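Q: Sharing structure.csv below, CSV, C-alpha atoms and all ligand atoms:
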```csv
chain,number,residue,atom,x,y,z
A,1,MET,CA,20.3,34.7,1.5
A,2,THR,CA,21.9,32.0,-0.7
A,3,ALA,CA,22.4,28.5,0.5
A,4,PRO,CA,26.0,27.5,1.3
A,5,LEU,CA,27.7,25.3,-1.4
A,6,VAL,CA,27.4,21.7,-0.5
A,7,ASP,CA,29.9,19.0,-1.3
A,8,THR,CA,27.6,16.1,-2.1
A,9,ASN,CA,30.4,13.6,-2.3
A,10,VAL,CA,31.6,13.6,1.3
A,11,HIS,CA,31.7,10.0,2.6
A,12,HIS,CA,33.3,8.6,5.7
A,13,LYS,CA,35.0,5.3,4.6
A,14,PRO,CA,33.9,2.7,7.1
A,15,GLN,CA,36.8,1.7,9.4
A,16,GLY,CA,36.3,-1.2,11.7
A,17,VAL,CA,33.3,-3.3,12.7
A,18,SER,CA,31.2,-0.6,14.3
A,19,ASP,CA,31.5,1.7,11.2
A,20,ARG,CA,30.6,-1.2,8.9
A,21,VAL,CA,27.6,-2.1,11.0
A,22,ALA,CA,26.4,1.5,11.0
A,23,PHE,CA,26.9,1.8,7.2
A,24,GLY,CA,25.2,-1.5,6.4
A,25,PHE,CA,22.2,-0.6,8.7
A,26,VAL,CA,21.8,2.8,6.9
A,27,LYS,CA,22.0,1.2,3.5
A,28,LEU,CA,19.3,-1.3,4.5
A,29,LEU,CA,17.1,1.6,5.6
A,30,ARG,CA,17.8,3.4,2.4
A,31,PHE,CA,16.7,0.4,0.4
A,32,CYS,CA,13.4,0.3,2.5
A,33,ALA,CA,12.8,4.0,1.9
A,34,ASP,CA,13.5,3.8,-1.8
A,35,THR,CA,11.1,0.9,-2.1
A,36,PHE,CA,8.4,2.5,0.0
A,37,PHE,CA,8.5,6.1,-1.4
A,38,ALA,CA,10.1,5.6,-4.9
A,39,LYS,CA,10.1,9.1,-6.4
A,40,ARG,CA,7.5,10.7,-4.1
A,41,TYR,CA,10.1,13.1,-2.6
A,42,GLY,CA,7.7,15.4,-0.7
A,43,HIS,CA,6.1,12.4,1.1
A,44,ARG,CA,9.6,10.9,1.7
A,45,ALA,CA,10.8,14.2,3.2
A,46,VAL,CA,7.8,14.4,5.6
A,47,VAL,CA,8.0,10.9,6.9
A,48,LEU,CA,11.8,10.7,7.1
A,49,GLU,CA,12.2,14.1,8.9
A,50,THR,CA,10.0,12.7,11.7
A,51,VAL,CA,12.7,10.1,12.1
A,52,ALA,CA,15.7,12.5,11.6
A,53,ALA,CA,14.6,14.7,14.5
A,54,VAL,CA,15.0,11.8,17.0
A,55,PRO,CA,18.8,11.2,17.3
A,56,GLY,CA,19.7,14.7,18.3
A,57,MET,CA,17.2,14.7,21.1
A,58,VAL,CA,18.4,11.2,22.3
A,59,GLY,CA,22.0,12.2,22.1
A,60,ALA,CA,21.4,15.5,23.9
A,61,THR,CA,19.4,13.7,26.7
A,62,LEU,CA,22.0,11.0,27.3
A,63,THR,CA,25.0,13.4,27.0
A,64,HIS,CA,23.2,15.7,29.5
A,65,LEU,CA,22.7,12.8,32.0
A,66,LYS,CA,26.3,11.6,31.5
A,67,CYS,CA,27.6,15.1,32.3
A,68,LEU,CA,25.4,15.3,35.4
A,69,ARG,CA,26.7,11.9,36.6
A,70,ARG,CA,30.4,12.6,35.9
A,71,MET,CA,30.1,16.3,36.8
A,72,CYS,CA,31.9,17.2,33.6
A,73,ASP,CA,31.7,19.7,30.8
A,74,ASP,CA,29.8,18.8,27.6
A,75,LYS,CA,32.1,20.8,25.3
A,76,GLY,CA,28.9,22.3,23.7
A,77,TRP,CA,27.6,18.9,22.5
A,78,ILE,CA,24.2,19.2,24.2
A,79,LYS,CA,23.3,22.5,22.6
A,80,THR,CA,24.6,21.3,19.2
A,81,LEU,CA,22.5,18.1,19.4
A,82,MET,CA,19.4,20.0,20.5
A,83,ASP,CA,19.8,22.5,17.7
A,84,GLU,CA,20.0,19.6,15.3
A,85,ALA,CA,16.8,18.1,16.6
A,86,GLU,CA,15.0,21.5,16.4
A,87,ASN,CA,16.4,22.0,12.9
A,88,GLU,CA,15.1,18.6,11.7
A,89,ARG,CA,11.7,19.4,13.2
A,90,MET,CA,11.6,22.6,11.2
A,91,HIS,CA,12.4,20.6,8.1
A,92,LEU,CA,9.3,18.6,9.0
A,93,MET,CA,7.1,21.7,9.6
A,94,THR,CA,8.3,23.0,6.2
A,95,PHE,CA,7.6,19.9,4.2
A,96,ILE,CA,4.2,19.3,5.8
A,97,GLU,CA,3.2,22.5,4.0
A,98,VAL,CA,4.4,21.0,0.7
A,99,SER,CA,3.1,17.4,0.9
A,100,LYS,CA,0.4,16.0,3.1
A,101,PRO,CA,1.0,12.5,4.4
A,102,THR,CA,-1.5,9.8,3.7
A,103,LEU,CA,-3.3,8.1,6.6
A,104,PHE,CA,-1.1,5.1,6.1
A,105,GLU,CA,2.0,7.2,6.2
A,106,ARG,CA,0.8,8.8,9.5
A,107,PHE,CA,0.5,5.3,10.9
A,108,VAL,CA,4.0,4.4,9.7
A,109,VAL,CA,5.3,7.6,11.4
A,110,VAL,CA,3.8,6.5,14.8
A,111,ALA,CA,5.0,2.9,14.5
A,112,VAL,CA,8.5,3.9,13.3
A,113,GLN,CA,8.9,6.4,16.1
A,114,TRP,CA,8.3,3.8,18.8
A,115,VAL,CA,10.7,1.4,17.3
A,116,PHE,CA,13.4,3.9,16.2
A,117,TYR,CA,13.4,5.9,19.5
A,118,LEU,CA,13.9,2.8,21.6
A,119,PHE,CA,16.5,1.3,19.2
A,120,PHE,CA,18.5,4.5,19.0
A,121,PHE,CA,18.4,5.1,22.7
A,122,GLY,CA,19.7,1.6,23.3
A,123,LEU,CA,22.4,2.0,20.6
A,124,TYR,CA,23.5,5.3,22.1
A,125,LEU,CA,23.9,3.6,25.6
A,126,VAL,CA,25.8,0.7,24.1
A,127,SER,CA,28.0,2.7,21.7
A,128,ALA,CA,27.5,6.4,21.3
A,129,LYS,CA,30.2,6.4,18.7
A,130,THR,CA,28.3,3.9,16.5
A,131,ALA,CA,25.1,6.0,17.1
A,132,HIS,CA,26.8,9.2,15.8
A,133,ARG,CA,28.3,7.2,12.9
A,134,VAL,CA,24.8,6.0,12.0
A,135,VAL,CA,23.6,9.6,11.9
A,136,GLY,CA,26.6,10.7,9.8
A,137,TYR,CA,25.6,8.0,7.3
A,138,PHE,CA,21.9,8.9,7.5
A,139,GLU,CA,22.8,12.5,6.6
A,140,GLU,CA,25.1,11.4,3.7
A,141,GLU,CA,21.9,9.7,2.3
A,142,ALA,CA,19.8,12.8,3.1
A,143,VAL,CA,22.2,15.0,1.1
A,144,ILE,CA,21.9,12.5,-1.9
A,145,SER,CA,18.0,12.3,-1.6
A,146,TYR,CA,17.7,16.1,-1.5
A,147,THR,CA,20.0,16.3,-4.6
A,148,HIS,CA,17.6,13.9,-6.4
A,149,TYR,CA,14.7,16.1,-5.2
A,150,LEU,CA,16.4,19.2,-6.8
A,151,ALA,CA,16.8,17.2,-10.1
A,152,GLU,CA,13.1,16.4,-10.0
A,153,ILE,CA,12.2,20.1,-9.6
A,154,ASP,CA,14.8,21.2,-12.2
A,155,GLU,CA,13.5,18.6,-14.8
A,156,GLY,CA,9.9,19.6,-14.2
A,157,ARG,CA,8.7,16.4,-12.6
A,158,SER,CA,7.9,18.1,-9.3
A,159,PRO,CA,6.3,21.6,-9.4
A,160,ASN,CA,8.5,24.4,-8.1
A,161,VAL,CA,5.8,25.8,-5.9
A,162,PRO,CA,6.3,29.0,-3.8
A,163,ALA,CA,8.2,28.4,-0.6
A,164,PRO,CA,6.1,28.0,2.6
A,165,GLU,CA,5.9,31.1,4.8
A,166,ILE,CA,7.4,29.1,7.7
A,167,ALA,CA,10.5,28.3,5.6
A,168,LYS,CA,10.9,32.0,4.5
A,169,ARG,CA,10.9,33.1,8.1
A,170,TYR,CA,13.1,30.4,9.5
A,171,TRP,CA,15.9,30.6,6.8
A,172,GLY,CA,15.4,34.3,6.0
A,173,LEU,CA,14.5,33.6,2.4
A,174,PRO,CA,13.1,36.3,0.1
A,175,ASP,CA,9.4,36.6,-0.6
A,176,THR,CA,9.9,35.2,-4.1
A,177,ALA,CA,11.6,32.1,-2.8
A,178,THR,CA,10.5,28.7,-4.2
A,179,LEU,CA,10.6,25.1,-3.2
A,180,ARG,CA,13.9,24.8,-4.9
A,181,ASP,CA,15.4,27.5,-2.6
A,182,VAL,CA,14.0,25.6,0.4
A,183,VAL,CA,15.5,22.2,-0.8
A,184,LEU,CA,18.9,24.0,-1.2
A,185,VAL,CA,19.0,25.3,2.4
A,186,VAL,CA,17.6,22.0,3.8
A,187,ARG,CA,20.3,20.1,2.0
A,188,ALA,CA,22.9,22.5,3.4
A,189,ASP,CA,21.6,21.7,6.9
A,190,GLU,CA,21.9,18.0,6.2
A,191,ALA,CA,25.5,18.4,5.1
A,192,HIS,CA,26.2,20.2,8.3
A,193,HIS,CA,24.6,17.5,10.4
A,194,ARG,CA,26.6,14.9,8.4
A,195,ASP,CA,29.9,16.4,9.1
A,196,VAL,CA,29.1,17.2,12.8
A,197,ASN,CA,28.0,13.7,13.5
A,198,HIS,CA,31.0,12.0,11.7
A,199,GLY,CA,33.1,14.5,13.7
A,200,PHE,CA,31.6,13.4,17.0
A,201,ALA,CA,32.2,9.8,16.1
A,202,ASN,CA,35.8,10.5,15.1
A,203,GLU,CA,36.4,12.5,18.3
A,204,MET,CA,35.3,9.5,20.4
A,205,VAL,CA,37.9,7.3,18.9
A,206,GLY,CA,40.7,9.8,18.5
A,207,LEU,CA,40.4,10.1,14.7
A,208,PRO,CA,41.4,13.4,13.1
A,209,GLN,CA,38.6,16.0,12.6
A,210,THR,CA,37.4,16.6,9.1
A,211,PRO,CA,36.0,19.9,7.7
A,212,VAL,CA,32.4,20.8,8.7
A,213,ALA,CA,30.0,22.1,6.0
A,214,PRO,CA,28.7,25.6,7.0
A,215,CYS,CA,25.1,25.7,8.4
A,216,PRO,CA,22.7,28.2,6.8
A,217,PRO,CA,21.6,30.9,9.3
A,218,HIS,CA,18.3,30.0,11.1
A,219,ALA,CA,15.9,32.5,12.8
A,220,GLN,CA,15.6,32.2,16.6
A,221,LEU,CA,12.3,30.5,17.3
A,222,GLU,CA,10.3,32.7,19.7
A,223,PRO,CA,7.9,30.8,22.1
A,224,THR,CA,4.3,31.4,21.1
A,225,TRP,CA,2.7,29.7,24.2
A,226,LYS,CA,3.0,33.0,26.0
A,227,ALA,CA,0.7,34.7,23.5
A,228,ALA,CA,-2.4,32.8,24.8
A,229,ALA,CA,-1.9,34.2,28.3
A,301,FE,FE,16.3,17.0,7.8
A,302,FE,FE,19.5,15.8,9.0
```
Any chance you could give the structure as structure tokens?
Ligand SMILES: [Fe+2]
Ligand SMILES: [Fe+2]

A:
Amino acid sequence: MTAPLVDTNVHHKPQGVSDRVAFGFVKLLRFCADTFFAKRYGHRAVVLETVAAVPGMVGATLTHLKCLRRMCDDKGWIKTLMDEAENERMHLMTFIEVSKPTLFERFVVVAVQWVFYLFFFGLYLVSAKTAHRVVGYFEEEAVISYTHYLAEIDEGRSPNVPAPEIAKRYWGLPDTATLRDVVLVVRADEAHHRDVNHGFANEMVGLPQTPVAPCPPHAQLEPTWKAAA
């Protein structure tokens, strides 16, 4: 399969205080990530995908609980958000085959997970719209970072190694697929998350919906825990 074309220039112009806070927060985190990782894109992907997989699960949990309390329909949000969390975890499982985190990076992952999970949970309770806007802006940055990663590969600064097996299975890539093909489908996933989350934030305040970038097809993950029985 070929990765869907990605419009890398999509940007939701901040409107109002909540959007500006979300945008400023994401730009601050971008500055921290750029300072910490510089051009080590493989390491950057591993560490940041451990963070990227958090919001979908938080959003799904809190939407699920809200629907139980209000006894109302979720309009498919819960499944969409859980799919996003699973998809981000597969990004992690893919990039861990490409770059191994240092011991310090593993420590950072554990510390950041504590802080970010609690922060995002609190934010979602206070303003779910701001929380989805934050994710929309995160994903705008992810699309930019993976575009930089592609340039690193194309200009020979990062080796275009064979695609990990897990990535070939999950995205249905050919046997000859390379890291470049993987980065293309991952970037398409991020563009999809970007538009879905901006769309959720828009819907919450009655703003018009914007187009959603297509998501590359993903293989259904079969449980392997049964195999041990
Ligand atoms: Fe991701
Ligand atoms: Fe993402």

Q: Find the distance between CA of Lys75 in chain A and CA of Lys13 in chain A and write it in Å to one decimal.

A: 26.0 Å

Q: Using only C-alpha atoms and all ligand atoms, which residue out of A:Glu88, A:Asp181, A:Glu155, A:Glu203 lies closest to ligand FE 302 (chain A)?

A: A:Glu88

Q: Neighbours of ligand FE 302 (chain A) at 8 Å or closer, counting all atoms listed in the file: which residues, as a ChimeraX atom specification?

A: /A:49,52-53,84,87-88,135,138-139,142,189-191,193-194

Q: Expressed in Å to a single decimal, how great is the separation between CA of Gly56 in chain A and CA of Met82 in chain A?

A: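 Computing the Euclidean distance for CA of Gly56 in chain A and CA of Met82 in chain A yields 5.7 Å.
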
Q: Looking at all atoms listed in the file, which of A:Gly156, A:Pro101, A:Pro214, A:Gly59 is the one that sits closest to Val46 in chain A?

A: A:Pro101

Q: Identify which of the residues A:Val26, A:Ala163, A:Val134, A:Val183 lies closest to ligand FE 301 (chain A), counting all atoms listed in the file when measuring atom-to-atom distances.

A: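 Under the stated criterion, the closest residue is A:Val183.
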
Q: Could you jot down the CA of Leu179 in chain A to CA of Gly136 in chain A separation for me, Å, one decimal place?

A: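 That distance, rounded to one decimal, is 25.1 Å.
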
Q: Using all atoms listed in the file, can you tell me which of A:His148, A:Arg44, A:Arg180, A:Lys79 comes closest to Val161 in chain A?

A: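 Of the candidates, the smallest distance to Val161 in chain A is held by A:Arg180.
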
Q: Name the closest residue to Tyr137 in chain A among the candidates A:Thr50, A:Asn9, A:Asn197, A:Thr80; distances are taken between atoms, counting all atoms listed in the file.

A: A:Asn197

Q: When distances are computed from all atoms listed in the file, which of A:Ser145, A:Ser99, A:Ser127, A:Thr178 shows the smallest separation from ligand FE 301 (chain A)?

A: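 Comparing A:Ser145, A:Ser99, A:Ser127, A:Thr178 against ligand FE 301 (chain A), the winner is A:Ser145.
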
Q: Once you count all atoms listed in the file, which residues end up no further than 6 Å from (16.2, 28.5, 5.8) in the file's frame, shown as a ChimeraX atom specification?

A: /A:167,170-172,185,218

Q: Can you tell me, as a list of chain:residue names, what residues are no more than 12 Å from Thr61 in chain A when counting only C-alpha atoms, ignoring any on the same chain fewer than 3 positions away?

A: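 These residues fall inside the cut-off: A:Val54, A:Pro55, A:Gly56, A:Met57, A:Val58, A:His64, A:Leu65, A:Lys66, A:Cys67, A:Leu68, A:Asp74, A:Trp77, A:Ile78, A:Lys79, A:Thr80, A:Leu81, A:Met82, A:Ala85, A:Phe121, A:Tyr124, A:Leu125.
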
Q: Just range 121-156 of chain A from the block, N, CA and C atoms, as a PDB file, in the first residue's frame, could you?

A:
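Contents of the output file result35.pdb:
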```pdb
ATOM      1  N   PHE A 121      -5.285  14.375  32.391  1.00  0.00           N
ATOM      2  CA  PHE A 121      -6.539  13.941  33.014  1.00  0.00           C
ATOM      3  C   PHE A 121      -7.246  15.157  33.628  1.00  0.00           C
ATOM      4  N   GLY A 122      -6.486  15.957  34.368  1.00  0.00           N
ATOM      5  CA  GLY A 122      -7.040  17.163  34.997  1.00  0.00           C
ATOM      6  C   GLY A 122      -7.551  18.142  33.953  1.00  0.00           C
ATOM      7  N   LEU A 123      -6.750  18.342  32.916  1.00  0.00           N
ATOM      8  CA  LEU A 123      -7.153  19.279  31.859  1.00  0.00           C
ATOM      9  C   LEU A 123      -8.444  18.817  31.190  1.00  0.00           C
ATOM     10  N   TYR A 124      -8.552  17.513  30.929  1.00  0.00           N
ATOM     11  CA  TYR A 124      -9.744  16.986  30.244  1.00  0.00           C
ATOM     12  C   TYR A 124     -10.990  17.187  31.097  1.00  0.00           C
ATOM     13  N   LEU A 125     -10.805  17.048  32.439  1.00  0.00           N
ATOM     14  CA  LEU A 125     -11.949  17.260  33.337  1.00  0.00           C
ATOM     15  C   LEU A 125     -12.378  18.724  33.322  1.00  0.00           C
ATOM     16  N   VAL A 126     -11.387  19.616  33.318  1.00  0.00           N
ATOM     17  CA  VAL A 126     -11.685  21.054  33.376  1.00  0.00           C
ATOM     18  C   VAL A 126     -12.188  21.556  32.023  1.00  0.00           C
ATOM     19  N   SER A 127     -11.508  21.188  30.948  1.00  0.00           N
ATOM     20  CA  SER A 127     -11.908  21.645  29.612  1.00  0.00           C
ATOM     21  C   SER A 127     -11.514  20.606  28.567  1.00  0.00           C
ATOM     22  N   ALA A 128     -12.476  19.738  28.232  1.00  0.00           N
ATOM     23  CA  ALA A 128     -12.203  18.693  27.242  1.00  0.00           C
ATOM     24  C   ALA A 128     -11.862  19.324  25.893  1.00  0.00           C
ATOM     25  N   LYS A 129     -12.482  20.479  25.630  1.00  0.00           N
ATOM     26  CA  LYS A 129     -12.217  21.147  24.350  1.00  0.00           C
ATOM     27  C   LYS A 129     -10.750  21.579  24.262  1.00  0.00           C
ATOM     28  N   THR A 130     -10.236  22.183  25.348  1.00  0.00           N
ATOM     29  CA  THR A 130      -8.819  22.591  25.342  1.00  0.00           C
ATOM     30  C   THR A 130      -7.922  21.367  25.211  1.00  0.00           C
ATOM     31  N   ALA A 131      -8.313  20.266  25.876  1.00  0.00           N
ATOM     32  CA  ALA A 131      -7.504  19.039  25.821  1.00  0.00           C
ATOM     33  C   ALA A 131      -7.418  18.528  24.376  1.00  0.00           C
ATOM     34  N   HIS A 132      -8.543  18.506  23.661  1.00  0.00           N
ATOM     35  CA  HIS A 132      -8.499  18.043  22.261  1.00  0.00           C
ATOM     36  C   HIS A 132      -7.720  19.031  21.390  1.00  0.00           C
ATOM     37  N   ARG A 133      -7.821  20.316  21.720  1.00  0.00           N
ATOM     38  CA  ARG A 133      -7.058  21.310  20.941  1.00  0.00           C
ATOM     39  C   ARG A 133      -5.563  21.084  21.153  1.00  0.00           C
ATOM     40  N   VAL A 134      -5.168  20.795  22.413  1.00  0.00           N
ATOM     41  CA  VAL A 134      -3.751  20.507  22.689  1.00  0.00           C
ATOM     42  C   VAL A 134      -3.298  19.340  21.812  1.00  0.00           C
ATOM     43  N   VAL A 135      -4.108  18.281  21.745  1.00  0.00           N
ATOM     44  CA  VAL A 135      -3.713  17.115  20.936  1.00  0.00           C
ATOM     45  C   VAL A 135      -3.642  17.505  19.459  1.00  0.00           C
ATOM     46  N   GLY A 136      -4.619  18.306  19.002  1.00  0.00           N
ATOM     47  CA  GLY A 136      -4.575  18.769  17.611  1.00  0.00           C
ATOM     48  C   GLY A 136      -3.257  19.480  17.312  1.00  0.00           C
ATOM     49  N   TYR A 137      -2.828  20.350  18.235  1.00  0.00           N
ATOM     50  CA  TYR A 137      -1.560  21.069  18.021  1.00  0.00           C
ATOM     51  C   TYR A 137      -0.345  20.147  18.166  1.00  0.00           C
ATOM     52  N   PHE A 138      -0.412  19.197  19.124  1.00  0.00           N
ATOM     53  CA  PHE A 138       0.662  18.184  19.230  1.00  0.00           C
ATOM     54  C   PHE A 138       0.858  17.501  17.882  1.00  0.00           C
ATOM     55  N   GLU A 139      -0.261  17.134  17.290  1.00  0.00           N
ATOM     56  CA  GLU A 139      -0.202  16.346  16.055  1.00  0.00           C
ATOM     57  C   GLU A 139       0.270  17.203  14.884  1.00  0.00           C
ATOM     58  N   GLU A 140      -0.060  18.506  14.903  1.00  0.00           N
ATOM     59  CA  GLU A 140       0.510  19.399  13.880  1.00  0.00           C
ATOM     60  C   GLU A 140       2.033  19.325  13.962  1.00  0.00           C
ATOM     61  N   GLU A 141       2.551  19.355  15.210  1.00  0.00           N
ATOM     62  CA  GLU A 141       4.004  19.309  15.407  1.00  0.00           C
ATOM     63  C   GLU A 141       4.564  17.945  15.008  1.00  0.00           C
ATOM     64  N   ALA A 142       3.801  16.872  15.288  1.00  0.00           N
ATOM     65  CA  ALA A 142       4.266  15.517  14.930  1.00  0.00           C
ATOM     66  C   ALA A 142       4.414  15.408  13.411  1.00  0.00           C
ATOM     67  N   VAL A 143       3.450  15.965  12.664  1.00  0.00           N
ATOM     68  CA  VAL A 143       3.524  15.928  11.197  1.00  0.00           C
ATOM     69  C   VAL A 143       4.790  16.654  10.733  1.00  0.00           C
ATOM     70  N   ILE A 144       5.092  17.799  11.366  1.00  0.00           N
ATOM     71  CA  ILE A 144       6.298  18.558  10.990  1.00  0.00           C
ATOM     72  C   ILE A 144       7.560  17.750  11.322  1.00  0.00           C
ATOM     73  N   SER A 145       7.584  17.135  12.527  1.00  0.00           N
ATOM     74  CA  SER A 145       8.775  16.378  12.935  1.00  0.00           C
ATOM     75  C   SER A 145       9.021  15.187  12.013  1.00  0.00           C
ATOM     76  N   TYR A 146       7.951  14.463  11.649  1.00  0.00           N
ATOM     77  CA  TYR A 146       8.149  13.312  10.755  1.00  0.00           C
ATOM     78  C   TYR A 146       8.531  13.779   9.346  1.00  0.00           C
ATOM     79  N   THR A 147       8.116  14.989   8.956  1.00  0.00           N
ATOM     80  CA  THR A 147       8.561  15.538   7.666  1.00  0.00           C
ATOM     81  C   THR A 147      10.069  15.818   7.732  1.00  0.00           C
ATOM     82  N   HIS A 148      10.547  16.326   8.878  1.00  0.00           N
ATOM     83  CA  HIS A 148      11.993  16.540   9.050  1.00  0.00           C
ATOM     84  C   HIS A 148      12.736  15.198   9.026  1.00  0.00           C
ATOM     85  N   TYR A 149      12.130  14.185   9.657  1.00  0.00           N
ATOM     86  CA  TYR A 149      12.751  12.845   9.696  1.00  0.00           C
ATOM     87  C   TYR A 149      12.905  12.318   8.257  1.00  0.00           C
ATOM     88  N   LEU A 150      11.862  12.519   7.428  1.00  0.00           N
ATOM     89  CA  LEU A 150      11.935  12.085   6.020  1.00  0.00           C
ATOM     90  C   LEU A 150      13.096  12.774   5.316  1.00  0.00           C
ATOM     91  N   ALA A 151      13.261  14.080   5.583  1.00  0.00           N
ATOM     92  CA  ALA A 151      14.358  14.825   4.939  1.00  0.00           C
ATOM     93  C   ALA A 151      15.706  14.257   5.395  1.00  0.00           C
ATOM     94  N   GLU A 152      15.820  13.899   6.677  1.00  0.00           N
ATOM     95  CA  GLU A 152      17.062  13.306   7.187  1.00  0.00           C
ATOM     96  C   GLU A 152      17.397  12.028   6.433  1.00  0.00           C
ATOM     97  N   ILE A 153      16.358  11.207   6.193  1.00  0.00           N
ATOM     98  CA  ILE A 153      16.561   9.936   5.466  1.00  0.00           C
ATOM     99  C   ILE A 153      16.927  10.230   4.014  1.00  0.00           C
ATOM    100  N   ASP A 154      16.146  11.121   3.380  1.00  0.00           N
ATOM    101  CA  ASP A 154      16.357  11.406   1.950  1.00  0.00           C
ATOM    102  C   ASP A 154      17.726  12.034   1.699  1.00  0.00           C
ATOM    103  N   GLU A 155      18.234  12.790   2.671  1.00  0.00           N
ATOM    104  CA  GLU A 155      19.524  13.463   2.467  1.00  0.00           C
ATOM    105  C   GLU A 155      20.679  12.638   3.037  1.00  0.00           C
ATOM    106  N   GLY A 156      20.367  11.384   3.451  1.00  0.00           N
ATOM    107  CA  GLY A 156      21.416  10.432   3.822  1.00  0.00           C
ATOM    108  C   GLY A 156      21.961  10.590   5.228  1.00  0.00           C
TER     109      GLY A 156
END
```
